[in-house]
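K.L.:
Please find upload_18.cif (mmCIF, C-alpha atoms) on the next line:
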data_structure
loop_
_atom_site.group_PDB
_atom_site.id
_atom_site.type_symbol
_atom_site.label_atom_id
_atom_site.label_comp_id
_atom_site.auth_asym_id
_atom_site.auth_seq_id
_atom_site.Cartn_x
_atom_site.Cartn_y
_atom_site.Cartn_z
ATOM 1 C CA MET A 1 108.935 16.565 -23.331
ATOM 2 C CA ILE A 2 106.150 14.151 -24.200
ATOM 3 C CA THR A 3 103.244 13.322 -21.922
ATOM 4 C CA THR A 4 102.219 9.727 -22.571
ATOM 5 C CA VAL A 5 99.049 7.793 -21.874
ATOM 6 C CA GLY A 6 98.600 6.937 -18.230
ATOM 7 C CA THR A 7 100.778 9.691 -16.779
ATOM 8 C CA VAL A 8 98.010 11.910 -15.419
ATOM 9 C CA PRO A 9 98.365 11.990 -11.622
ATOM 10 C CA PRO A 10 95.348 10.748 -9.640
ATOM 11 C CA GLY A 11 92.887 13.486 -8.765
ATOM 12 C CA ARG A 12 94.439 16.017 -11.091
ATOM 13 C CA GLY A 13 93.835 17.421 -14.538
ATOM 14 C CA VAL A 14 96.442 17.930 -17.205
ATOM 15 C CA PRO A 15 100.069 17.383 -16.072
ATOM 16 C CA VAL A 16 102.150 20.474 -15.448
ATOM 17 C CA THR A 17 104.480 19.671 -18.351
ATOM 18 C CA LEU A 18 101.526 19.444 -20.722
ATOM 19 C CA GLN A 19 99.945 22.622 -19.326
ATOM 20 C CA ALA A 20 103.201 24.444 -19.995
ATOM 21 C CA MET A 21 103.831 23.069 -23.486
ATOM 22 C CA ALA A 22 100.439 22.286 -25.089
ATOM 23 C CA ALA A 23 99.689 25.888 -26.072
ATOM 24 C CA PRO A 24 100.958 27.157 -29.433
ATOM 25 C CA SER A 25 104.448 28.624 -29.314
ATOM 26 C CA SER A 26 104.724 32.358 -28.666
ATOM 27 C CA LEU A 27 107.992 32.527 -30.609
ATOM 28 C CA PRO A 28 108.014 34.634 -33.801
ATOM 29 C CA PHE A 29 109.508 31.698 -35.752
ATOM 30 C CA ASP A 30 109.178 27.915 -36.037
ATOM 31 C CA PRO A 31 111.511 26.497 -33.347
ATOM 32 C CA VAL A 32 111.646 23.083 -35.029
ATOM 33 C CA GLU A 33 112.709 24.601 -38.336
ATOM 34 C CA GLU A 34 115.317 26.730 -36.578
ATOM 35 C CA ALA A 35 116.646 23.689 -34.737
ATOM 36 C CA ALA A 36 116.893 21.774 -38.023
ATOM 37 C CA ARG A 37 118.827 24.622 -39.625
ATOM 38 C CA LYS A 38 121.359 24.708 -36.793
ATOM 39 C CA TRP A 39 121.491 20.901 -36.593
ATOM 40 C CA SER A 40 122.388 20.579 -40.277
ATOM 41 C CA ALA A 41 125.409 22.812 -39.754
ATOM 42 C CA ARG A 42 126.859 20.347 -37.226
ATOM 43 C CA TRP A 43 125.355 16.899 -37.712
ATOM 44 C CA GLU A 44 123.679 14.641 -40.261
ATOM 45 C CA ASP A 45 120.023 13.584 -40.513
ATOM 46 C CA ALA A 46 118.564 17.000 -39.800
ATOM 47 C CA ASP A 47 115.424 15.899 -41.651
ATOM 48 C CA ALA A 48 114.924 12.881 -39.379
ATOM 49 C CA MET A 49 115.484 15.036 -36.290
ATOM 50 C CA ALA A 50 113.001 17.640 -37.530
ATOM 51 C CA VAL A 51 110.323 15.050 -38.304
ATOM 52 C CA ALA A 52 110.754 13.260 -34.962
ATOM 53 C CA THR A 53 110.642 16.544 -33.057
ATOM 54 C CA SER A 54 107.587 17.674 -35.030
ATOM 55 C CA ILE A 55 105.754 14.441 -34.175
ATOM 56 C CA MET A 56 106.547 14.896 -30.491
ATOM 57 C CA ARG A 57 105.413 18.509 -30.574
ATOM 58 C CA VAL A 58 102.192 17.659 -32.405
ATOM 59 C CA GLN A 59 101.530 14.980 -29.784
ATOM 60 C CA GLN A 60 101.672 17.679 -27.112
ATOM 61 C CA LEU A 61 99.343 19.967 -29.045
ATOM 62 C CA LEU A 62 96.828 17.216 -29.836
ATOM 63 C CA LEU A 63 96.764 15.878 -26.314
ATOM 64 C CA GLY A 64 96.316 19.373 -24.916
ATOM 65 C CA ARG A 65 93.280 20.014 -27.131
ATOM 66 C CA ILE A 66 91.833 16.559 -26.483
ATOM 67 C CA GLU A 67 92.253 16.844 -22.714
ATOM 68 C CA ALA A 68 90.583 20.266 -22.819
ATOM 69 C CA ALA A 69 87.578 18.805 -24.648
ATOM 70 C CA LEU A 70 87.295 15.987 -22.101
ATOM 71 C CA ARG A 71 87.854 18.080 -18.978
ATOM 72 C CA PRO A 72 84.179 19.156 -18.569
ATOM 73 C CA LEU A 73 83.325 15.437 -18.308
ATOM 74 C CA GLN A 74 86.089 14.872 -15.730
ATOM 75 C CA LEU A 75 87.907 12.496 -18.051
ATOM 76 C CA THR A 76 91.458 12.266 -19.309
ATOM 77 C CA PHE A 77 92.284 10.772 -22.683
ATOM 78 C CA ALA A 78 93.755 7.719 -20.967
ATOM 79 C CA ARG A 79 90.515 7.057 -19.097
ATOM 80 C CA TYR A 80 88.471 7.775 -22.219
ATOM 81 C CA GLU A 81 90.491 5.199 -24.182
ATOM 82 C CA ALA A 82 89.820 2.613 -21.474
ATOM 83 C CA LEU A 83 86.083 3.263 -21.617
ATOM 84 C CA VAL A 84 86.050 3.015 -25.415
ATOM 85 C CA LEU A 85 87.953 -0.262 -25.235
ATOM 86 C CA LEU A 86 85.313 -1.685 -22.897
ATOM 87 C CA CYS A 87 82.529 -0.441 -25.182
ATOM 88 C CA PHE A 88 84.186 -2.283 -28.059
ATOM 89 C CA SER A 89 84.393 -5.554 -26.110
ATOM 90 C CA ARG A 90 81.756 -8.200 -26.693
ATOM 91 C CA ASN A 91 80.318 -8.205 -23.177
ATOM 92 C CA GLY A 92 81.428 -4.781 -22.005
ATOM 93 C CA SER A 93 84.128 -6.286 -19.820
ATOM 94 C CA LEU A 94 87.768 -7.364 -20.088
ATOM 95 C CA PRO A 95 90.498 -8.657 -17.784
ATOM 96 C CA MET A 96 92.647 -5.813 -16.522
ATOM 97 C CA SER A 97 95.784 -7.423 -17.977
ATOM 98 C CA LYS A 98 94.232 -7.537 -21.440
ATOM 99 C CA MET A 99 93.217 -3.878 -21.126
ATOM 100 C CA GLY A 100 96.833 -2.950 -20.412
ATOM 101 C CA GLN A 101 97.983 -4.885 -23.488
ATOM 102 C CA ARG A 102 95.386 -3.349 -25.775
ATOM 103 C CA LEU A 103 96.025 0.176 -24.510
ATOM 104 C CA MET A 104 99.798 -0.427 -24.571
ATOM 105 C CA VAL A 105 100.384 0.895 -21.059
ATOM 106 C CA HIS A 106 102.279 -0.372 -18.003
ATOM 107 C CA PRO A 107 100.304 -2.488 -15.478
ATOM 108 C CA THR A 108 100.699 0.286 -12.903
ATOM 109 C CA SER A 109 99.119 2.764 -15.295
ATOM 110 C CA ILE A 110 96.119 0.575 -16.109
ATOM 111 C CA THR A 111 95.559 -0.003 -12.388
ATOM 112 C CA ASN A 112 95.520 3.756 -11.830
ATOM 113 C CA ILE A 113 93.140 4.278 -14.759
ATOM 114 C CA VAL A 114 90.744 1.606 -13.501
ATOM 115 C CA ASP A 115 90.884 2.938 -9.947
ATOM 116 C CA ARG A 116 89.940 6.423 -11.128
ATOM 117 C CA LEU A 117 87.108 5.158 -13.337
ATOM 118 C CA GLN A 118 85.761 3.018 -10.518
ATOM 119 C CA THR A 119 85.760 6.010 -8.182
ATOM 120 C CA GLN A 120 83.735 7.860 -10.813
ATOM 121 C CA GLN A 121 81.383 4.837 -11.058
ATOM 122 C CA PHE A 122 82.070 4.480 -14.776
ATOM 123 C CA ILE A 123 83.354 0.914 -14.362
ATOM 124 C CA ARG A 124 83.161 -1.846 -11.769
ATOM 125 C CA ARG A 125 85.415 -4.760 -10.926
ATOM 126 C CA GLU A 126 83.894 -8.228 -11.172
ATOM 127 C CA PRO A 127 85.222 -11.731 -10.446
ATOM 128 C CA HIS A 128 86.005 -13.811 -13.503
ATOM 129 C CA PRO A 129 83.382 -16.595 -13.878
ATOM 130 C CA THR A 130 85.972 -19.341 -14.489
ATOM 131 C CA ASP A 131 89.330 -18.008 -13.279
ATOM 132 C CA ARG A 132 89.505 -16.867 -9.660
ATOM 133 C CA ARG A 133 92.931 -15.326 -10.258
ATOM 134 C CA THR A 134 91.502 -12.879 -12.812
ATOM 135 C CA THR A 135 89.469 -9.743 -12.188
ATOM 136 C CA LEU A 136 87.219 -8.381 -14.896
ATOM 137 C CA VAL A 137 86.651 -4.682 -15.485
ATOM 138 C CA ALA A 138 83.084 -3.984 -16.649
ATOM 139 C CA ILE A 139 81.676 -0.716 -17.934
ATOM 140 C CA THR A 140 78.574 0.641 -16.210
ATOM 141 C CA ASP A 141 75.592 2.417 -17.737
ATOM 142 C CA ALA A 142 77.051 5.695 -16.494
ATOM 143 C CA GLY A 143 80.316 4.772 -18.184
ATOM 144 C CA ARG A 144 78.597 4.130 -21.498
ATOM 145 C CA GLU A 145 76.749 7.430 -21.245
ATOM 146 C CA VAL A 146 79.862 9.482 -20.527
ATOM 147 C CA THR A 147 81.704 7.673 -23.340
ATOM 148 C CA GLU A 148 79.039 8.777 -25.817
ATOM 149 C CA ARG A 149 79.233 12.366 -24.578
ATOM 150 C CA ALA A 150 83.033 12.365 -24.653
ATOM 151 C CA THR A 151 83.102 10.905 -28.146
ATOM 152 C CA ALA A 152 80.729 13.594 -29.378
ATOM 153 C CA ALA A 153 83.009 16.266 -27.896
ATOM 154 C CA LEU A 154 86.094 14.807 -29.607
ATOM 155 C CA VAL A 155 84.365 14.270 -32.937
ATOM 156 C CA GLU A 156 83.222 17.901 -32.819
ATOM 157 C CA VAL A 157 86.876 19.019 -32.834
ATOM 158 C CA ARG A 158 87.946 16.108 -35.093
ATOM 159 C CA PHE A 159 90.391 14.977 -32.405
ATOM 160 C CA ALA A 160 92.176 18.324 -32.898
ATOM 161 C CA LEU A 161 93.009 17.453 -36.517
ATOM 162 C CA GLU A 162 90.756 19.982 -38.237
ATOM 163 C CA ALA A 163 93.713 21.210 -40.307
ATOM 164 C CA LEU A 164 93.784 17.971 -42.343
ATOM 165 C CA ASP A 165 91.378 16.911 -45.065
ATOM 166 C CA PRO A 166 90.452 13.201 -45.487
ATOM 167 C CA GLU A 167 93.197 12.442 -48.012
ATOM 168 C CA GLN A 168 95.835 14.135 -45.852
ATOM 169 C CA MET A 169 94.526 12.164 -42.884
ATOM 170 C CA LYS A 170 94.962 8.881 -44.753
ATOM 171 C CA THR A 171 98.452 9.845 -45.953
ATOM 172 C CA LEU A 172 99.560 10.761 -42.448
ATOM 173 C CA TYR A 173 98.062 7.580 -41.023
ATOM 174 C CA ASP A 174 99.894 5.437 -43.577
ATOM 175 C CA LEU A 175 103.211 7.181 -42.923
ATOM 176 C CA LEU A 176 102.948 6.792 -39.174
ATOM 177 C CA ARG A 177 101.826 3.190 -39.608
ATOM 178 C CA ASP A 178 105.002 2.467 -41.571
ATOM 179 C CA VAL A 179 107.078 3.807 -38.669
ATOM 180 C CA ARG A 180 105.143 1.624 -36.220
ATOM 181 C CA LEU A 181 105.503 -1.418 -38.479
ATOM 182 C CA HIS A 182 109.267 -0.912 -38.799
ATOM 183 C CA ALA A 183 109.521 -0.646 -34.992
ATOM 184 C CA GLY A 184 107.726 -3.990 -34.591
ATOM 185 C CA ASP A 185 104.604 -2.465 -33.037
ATOM 186 C CA PHE A 186 102.430 -5.096 -34.741
ATOM 187 C CA PRO A 187 102.938 -8.097 -37.078
ATOM 188 C CA ALA A 188 103.597 -7.276 -40.714
ATOM 189 C CA ASP A 189 101.073 -9.878 -41.900
ATOM 190 C CA GLU A 190 98.296 -7.955 -40.143
ATOM 191 C CA HIS A 191 98.481 -5.191 -42.752
ATOM 192 C CA SER A 192 95.213 -4.454 -44.499
ATOM 193 C CA ALA A 193 95.263 -2.639 -47.831
ATOM 194 C CA THR A 194 91.559 -1.808 -47.710
ATOM 195 C CA TRP A 195 90.825 -0.626 -44.154
ATOM 196 C CA PRO A 196 92.577 2.772 -44.470
ATOM 197 C CA ASN A 197 90.088 3.635 -47.229
ATOM 198 C CA ALA A 198 87.698 4.337 -44.370
ATOM 199 C CA PHE A 199 89.505 7.669 -44.090
ATOM 200 C CA LEU A 200 88.286 8.700 -47.542
ATOM 201 C CA PRO A 201 84.812 10.110 -48.195
ATOM 202 C CA PRO A 202 82.377 7.800 -50.016
ATOM 203 C CA THR A 203 82.390 8.097 -53.808
#
When written as structure tokens, how does the structure in this file appear?

P.N.:
Amino acid sequence: MITTVGTVPPGRGVPVTLQAMAAPSSLPFDPVEEAARKWSARWEDADAMAVATSIMRVQQLLLGRIEAALRPLQLTFARYEALVLLCFSRNGSLPMSKMGQRLMVHPTSITNIVDRLQTQQFIRREPHPTDRRTTLVAITDAGREVTERATAALVEVRFALEALDPEQMKTLYDLLRDVRLHAGDFPADEHSATWPNAFLPPT
């Protein structure tokens, strides 16, 4: 049901599953709500099922809108994330293994992402200056330029989250962060009580 980062086939646009499911439902009712109603008649935790299913469905909708915004630039969200990561790095380059860790994708996926970006001349591979076993991935000037254009396109549609105001955005972020923390996605002692305030408008 879900299309995850790094699953876009080489040389193609949006995966077939995402093309089929990213558009709003044509049903005359909310299928998640209907599923929750029927679930509660047979099993427990209908609320947890409904929330989990809603998150998965929203992921499809968001990714569909984001991919559509990036398509004119011949980028997928996975490749865009890789370019942004390189822009954030101190020297504009990172080992491929570290990119996979930061983007939380399988080594095969990061290899595919880098291959595609290199073909587009948005990145280049370079030898590591001190470790011959390591290859660096460096962003090119063309890569920086397309990253700026892609970012502008995504900011224009607010990453497909126009329905939420700043306070709702912060609330949703905090809730999802709690789920990630409980799952062990990052160390508990890394929590910052002040950073999420960046979601709120200045007073």

K.L.:
Please determine, counting only C-alpha atoms, which residue among A:Val137, A:Leu175, A:Ala163, A:Ile113 has the shortest atom-to-atom distance to A:Pro95.

P.N.:
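Of all the options, A:Val137 lies closest to A:Pro95.
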
K.L.:
For the provided coordinates, the residues matched by the PyMOL selection byres ((chain A and resi 116-128) around 12) should be stated as a ChimeraX atom specification.

P.N.:
/A:6,8-12,73-76,78-87,92-96,109-115,129-147

K.L.:
Stretch 69-84 of chain A, all listed atoms, 8 Å padding on each side: what axis-aligned box centre and edge lengths in Å to one decimal come out, as AutoDock Vina command-line options?

P.N.:
--center_x 88.5 --center_y 10.9 --center_z -20.6 --size_x 26.4 --size_y 32.5 --size_z 25.7

K.L.:
Between A:Lys98, A:Arg180, A:Val51, A:Asp45, which one has atoms that come closest to A:Val32, using only C-alpha atoms?

P.N.:
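Of A:Lys98, A:Arg180, A:Val51, A:Asp45, the one nearest A:Val32 is A:Val51, counting only C-alpha atoms.
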
K.L.:
Under the PyMOL selection byres ((chain A and resi 154) around 10), which residues of this model are included? Write them out as a PyMOL selection string.

P.N.:
chain A and resi 65-70+149-153+155-160

K.L.:
I need the residues from that last selection saved to file as a PDB file, in the coordinates of the input (with C-alpha atoms), if you can.

P.N.:
ATOM      1  CA  ARG A  65      93.280  20.014 -27.131  1.00  0.00           C
ATOM      2  CA  ILE A  66      91.833  16.559 -26.483  1.00  0.00           C
ATOM      3  CA  GLU A  67      92.253  16.844 -22.714  1.00  0.00           C
ATOM      4  CA  ALA A  68      90.583  20.266 -22.819  1.00  0.00           C
ATOM      5  CA  ALA A  69      87.578  18.805 -24.648  1.00  0.00           C
ATOM      6  CA  LEU A  70      87.295  15.987 -22.101  1.00  0.00           C
ATOM      7  CA  ARG A 149      79.233  12.366 -24.578  1.00  0.00           C
ATOM      8  CA  ALA A 150      83.033  12.365 -24.653  1.00  0.00           C
ATOM      9  CA  THR A 151      83.102  10.905 -28.146  1.00  0.00           C
ATOM     10  CA  ALA A 152      80.729  13.594 -29.378  1.00  0.00           C
ATOM     11  CA  ALA A 153      83.009  16.266 -27.896  1.00  0.00           C
ATOM     12  CA  VAL A 155      84.365  14.270 -32.937  1.00  0.00           C
ATOM     13  CA  GLU A 156      83.222  17.901 -32.819  1.00  0.00           C
ATOM     14  CA  VAL A 157      86.876  19.019 -32.834  1.00  0.00           C
ATOM     15  CA  ARG A 158      87.946  16.108 -35.093  1.00  0.00           C
ATOM     16  CA  PHE A 159      90.391  14.977 -32.405  1.00  0.00           C
ATOM     17  CA  ALA A 160      92.176  18.324 -32.898  1.00  0.00           C
TER      18      ALA A 160
END

K.L.:
Using all atoms listed in the file, which of A:Leu63, A:Met104, A:Met169, A:Leu164 sits nearest A:Asp185?

P.N.:
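Closest residue, counting all atoms listed in the file: A:Met104.
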
K.L.:
One decimal, in Å: what's the spacing between atom CA of A:Leu172 and atom CA of A:Gln60?

P.N.:
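Atom-to-atom, atom CA of A:Leu172 and atom CA of A:Gln60 are spaced 17.0 Å apart.
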
K.L.:
If you measure from atom CA of A:Glu44 to atom CA of A:Pro31, what distance in Å do you get, rounded to one decimal?

P.N.:
18.3 Å
